[in-house]
Each structure stands twice: as structure tokens, then as C-alpha cells.
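Below: the structure, in C-alpha cells.
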Amino acid sequence: MNTEKFRPLAKEFSKFSEQDKIEAIGILLKLLKSAEPNQIPIGIFDSSLSSLEAIVKYLKENLEMKFSKIARLLSRDNRAIWSTYRNAAKKMPSSFSDLRTDIAIPASIFADRKLSILENLVNYLKGMELTNHEIAVMLKLNDRTIWSVYSKVKLKRGMK
């Protein structure tokens, strides 16, 4: 990271009182949290639900989003979201708890309709330089499934 560009900011920051520094850091944290508020923890994908069902259930129950907002976020039809949630609630009546949260997936990546939900997820995780095996363990899938899904992503994207 190039710290040189932040030197003027650090110089100004050092002039603040301790209380102002704390307040400024609080404001920065709020801004960072609001930059991508719809983060999905990786832990939801190791359930008995499909990827889309897990996402919709998490957004509805844990983030308390309306179906219309979920539909817009995921670029899907309201009725499809409602139906997906209903199916997810039948399969898994309890809510998500004790989730693995060390990796958060921005919900906005699933709006790309050129790729399936699983293809978008695997593509995002591969972008984090995770191996097929690491992704497979996280998603409770077979390594070959991850290889196959990522191969389809590369084919659709025209990558080698």
C-alpha cells in the first residue's frame, strides 16, 4: 500500500483532539460499513439449501429485506424470489445461526444473470485466489464440481 498519499491526511489528523479522532474514526467506519451493506457470510452456503435459496432466506430473515428489494438486488422477478423463499423456509424452517463469517460475499455479485448463482459465487471466490479444494470445503461440494463450475465461468467469459 502506498502510504505516501495519506501523509497530508495523517498530518491533519494529528492536529485533532482525542475526542475528534474517535469521532472521525467512527464516521469512517460507518462509511465503510455502508459501502456494501448487503454482505452475505460464506457460512450460509453449507446448508441443505440451494445457493439462491440460501441467499434469499438470509436476506429476508437476517437482513430483514423486503422481497421487492431482494428481487432488485439479485436482478430477479419478485414472484421468483417469493417462491424461492417459500421453498427455502420449507426445507429449513429454522433461521441461520452460528455462521462462518470470515468471508463476506457482496450480494450485488449475484445480479449478473450471464452466470448462474453458483458460477457467480465460485468466480468471486476464485478471484480471492482460493483453490478449488478450499472453495469445495466451504460450500460442502466436491472439488470436481467446483472445477466444472469454474470451467463454465471461464468458457462464458472467454477466458483460457
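Residues in the C-alpha cells are named by chain (A, B, ... in the order shown) and by number from 1 within that chain; ligands are numbered from 1 in the order shown.
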
Enumerate as a VMD selection string all residues of segment 21-160 of chain A assigned to helix (DSSP H, G or I) by DSSP on the backbone, naming them with the chain letters and numbers the document uses.
chain A and resid 21 to 35 42 to 46 51 to 62 67 to 74 78 to 91 107 to 111 117 to 127 132 to 139 143 to 157

Excluding Tyr124 of chain A and any residue of its chain fewer than 6 positions from it, enumerate the residues within 10 Å of it, using only C-alpha atoms, and give them as a list in words.
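In the requested format, the answer is Ile105, Pro106, Ile109, Phe110, Leu118 and Leu130 of chain A.
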
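Between Arg100 of chain A and the residues A:Ile40, A:Ile70, A:Ala136, A:Leu59, the shortest atom-to-atom distance, using only C-alpha atoms, involves A:Ile40.
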
Using only C-alpha atoms: which of A:Ile42, A:Ile55, A:Met159, A:Leu115 has the shortest distance to Leu73 of chain A:
A:Ile55

Can you pull out every residue within 7 Å of Asn78 of chain A, counting only C-alpha atoms, but drop anything in the same chain fewer than 4 positions away, and send it as JSON, numbers by chain?
{"A": [67, 68, 71, 82]}

Selected residue of minimal separation from Asn87 of chain A among A:Ala10, A:Ile117, A:Leu99, A:Leu52, counting only C-alpha atoms:
A:Leu52

Near Ser50 of chain A, counting only C-alpha atoms, which residues have an atom at most 12 Å away, once you skip same-chain residues fewer than 2 positions from it, shown as a VMD selection string?
chain A and resid 44 to 48 52 to 57 84 to 85 87 to 89 91 to 92 116 to 118 139 to 141

Please write the residues from the selection above to a file, keeping N, CA and C atoms, as a PDB file, in the first residue's frame.
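What landed in out-v2.pdb:
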```
ATOM      1  N   ILE A  44     -23.609 -19.447   4.990  1.00  0.00           N
ATOM      2  CA  ILE A  44     -24.976 -19.815   4.594  1.00  0.00           C
ATOM      3  C   ILE A  44     -24.985 -20.863   3.490  1.00  0.00           C
ATOM      4  N   PHE A  45     -23.871 -21.007   2.783  1.00  0.00           N
ATOM      5  CA  PHE A  45     -23.842 -21.898   1.631  1.00  0.00           C
ATOM      6  C   PHE A  45     -23.555 -23.353   1.996  1.00  0.00           C
ATOM      7  N   ASP A  46     -23.305 -23.634   3.261  1.00  0.00           N
ATOM      8  CA  ASP A  46     -23.050 -25.027   3.628  1.00  0.00           C
ATOM      9  C   ASP A  46     -24.284 -25.698   4.225  1.00  0.00           C
ATOM     10  N   SER A  47     -25.446 -25.199   3.862  1.00  0.00           N
ATOM     11  CA  SER A  47     -26.702 -25.770   4.351  1.00  0.00           C
ATOM     12  C   SER A  47     -27.300 -26.695   3.298  1.00  0.00           C
ATOM     13  N   SER A  48     -28.478 -27.178   3.584  1.00  0.00           N
ATOM     14  CA  SER A  48     -29.173 -28.079   2.654  1.00  0.00           C
ATOM     15  C   SER A  48     -29.901 -27.320   1.550  1.00  0.00           C
ATOM     16  N   LEU A  52     -29.260 -20.050  -4.297  1.00  0.00           N
ATOM     17  CA  LEU A  52     -30.246 -18.977  -4.360  1.00  0.00           C
ATOM     18  C   LEU A  52     -31.178 -19.015  -3.145  1.00  0.00           C
ATOM     19  N   GLU A  53     -31.601 -20.188  -2.754  1.00  0.00           N
ATOM     20  CA  GLU A  53     -32.475 -20.303  -1.581  1.00  0.00           C
ATOM     21  C   GLU A  53     -31.774 -19.763  -0.335  1.00  0.00           C
ATOM     22  N   ALA A  54     -30.513 -20.103  -0.179  1.00  0.00           N
ATOM     23  CA  ALA A  54     -29.755 -19.641   0.990  1.00  0.00           C
ATOM     24  C   ALA A  54     -29.631 -18.117   0.991  1.00  0.00           C
ATOM     25  N   ILE A  55     -29.333 -17.551  -0.167  1.00  0.00           N
ATOM     26  CA  ILE A  55     -29.178 -16.097  -0.273  1.00  0.00           C
ATOM     27  C   ILE A  55     -30.493 -15.399   0.059  1.00  0.00           C
ATOM     28  N   VAL A  56     -31.576 -15.841  -0.559  1.00  0.00           N
ATOM     29  CA  VAL A  56     -32.884 -15.204  -0.350  1.00  0.00           C
ATOM     30  C   VAL A  56     -33.313 -15.335   1.108  1.00  0.00           C
ATOM     31  N   LYS A  57     -33.154 -16.510   1.678  1.00  0.00           N
ATOM     32  CA  LYS A  57     -33.531 -16.739   3.084  1.00  0.00           C
ATOM     33  C   LYS A  57     -32.714 -15.832   4.010  1.00  0.00           C
ATOM     34  N   THR A  84     -38.915 -18.830  -4.139  1.00  0.00           N
ATOM     35  CA  THR A  84     -37.641 -19.360  -3.641  1.00  0.00           C
ATOM     36  C   THR A  84     -37.601 -19.313  -2.123  1.00  0.00           C
ATOM     37  N   TYR A  85     -38.065 -18.204  -1.549  1.00  0.00           N
ATOM     38  CA  TYR A  85     -38.086 -18.090  -0.090  1.00  0.00           C
ATOM     39  C   TYR A  85     -39.022 -19.122   0.529  1.00  0.00           C
ATOM     40  N   ASN A  87     -39.878 -22.028  -0.632  1.00  0.00           N
ATOM     41  CA  ASN A  87     -39.239 -23.347  -0.709  1.00  0.00           C
ATOM     42  C   ASN A  87     -38.124 -23.477   0.331  1.00  0.00           C
ATOM     43  N   ALA A  88     -37.338 -22.413   0.497  1.00  0.00           N
ATOM     44  CA  ALA A  88     -36.251 -22.438   1.475  1.00  0.00           C
ATOM     45  C   ALA A  88     -36.793 -22.580   2.892  1.00  0.00           C
ATOM     46  N   ALA A  89     -37.870 -21.874   3.191  1.00  0.00           N
ATOM     47  CA  ALA A  89     -38.468 -21.940   4.528  1.00  0.00           C
ATOM     48  C   ALA A  89     -39.017 -23.330   4.827  1.00  0.00           C
ATOM     49  N   LYS A  91     -37.765 -26.186   3.492  1.00  0.00           N
ATOM     50  CA  LYS A  91     -36.599 -27.063   3.651  1.00  0.00           C
ATOM     51  C   LYS A  91     -35.872 -26.803   4.967  1.00  0.00           C
ATOM     52  N   MET A  92     -35.829 -25.532   5.374  1.00  0.00           N
ATOM     53  CA  MET A  92     -35.075 -25.145   6.568  1.00  0.00           C
ATOM     54  C   MET A  92     -35.899 -24.137   7.366  1.00  0.00           C
ATOM     55  N   SER A 116     -24.758 -18.323 -13.521  1.00  0.00           N
ATOM     56  CA  SER A 116     -25.682 -18.831 -12.504  1.00  0.00           C
ATOM     57  C   SER A 116     -25.239 -18.324 -11.128  1.00  0.00           C
ATOM     58  N   ILE A 117     -26.073 -18.528 -10.137  1.00  0.00           N
ATOM     59  CA  ILE A 117     -25.737 -18.121  -8.770  1.00  0.00           C
ATOM     60  C   ILE A 117     -24.438 -18.803  -8.337  1.00  0.00           C
ATOM     61  N   LEU A 118     -24.347 -20.109  -8.538  1.00  0.00           N
ATOM     62  CA  LEU A 118     -23.151 -20.846  -8.135  1.00  0.00           C
ATOM     63  C   LEU A 118     -21.936 -20.406  -8.944  1.00  0.00           C
ATOM     64  N   LEU A 139     -18.166 -24.720   0.629  1.00  0.00           N
ATOM     65  CA  LEU A 139     -19.516 -24.881   0.101  1.00  0.00           C
ATOM     66  C   LEU A 139     -20.071 -26.289   0.287  1.00  0.00           C
ATOM     67  N   LYS A 140     -19.266 -27.145   0.881  1.00  0.00           N
ATOM     68  CA  LYS A 140     -19.630 -28.559   1.069  1.00  0.00           C
ATOM     69  C   LYS A 140     -20.007 -29.213  -0.266  1.00  0.00           C
ATOM     70  N   LEU A 141     -19.139 -28.991  -1.245  1.00  0.00           N
ATOM     71  CA  LEU A 141     -19.294 -29.587  -2.566  1.00  0.00           C
ATOM     72  C   LEU A 141     -18.029 -30.360  -2.907  1.00  0.00           C
TER      73      LEU A 141
END
```
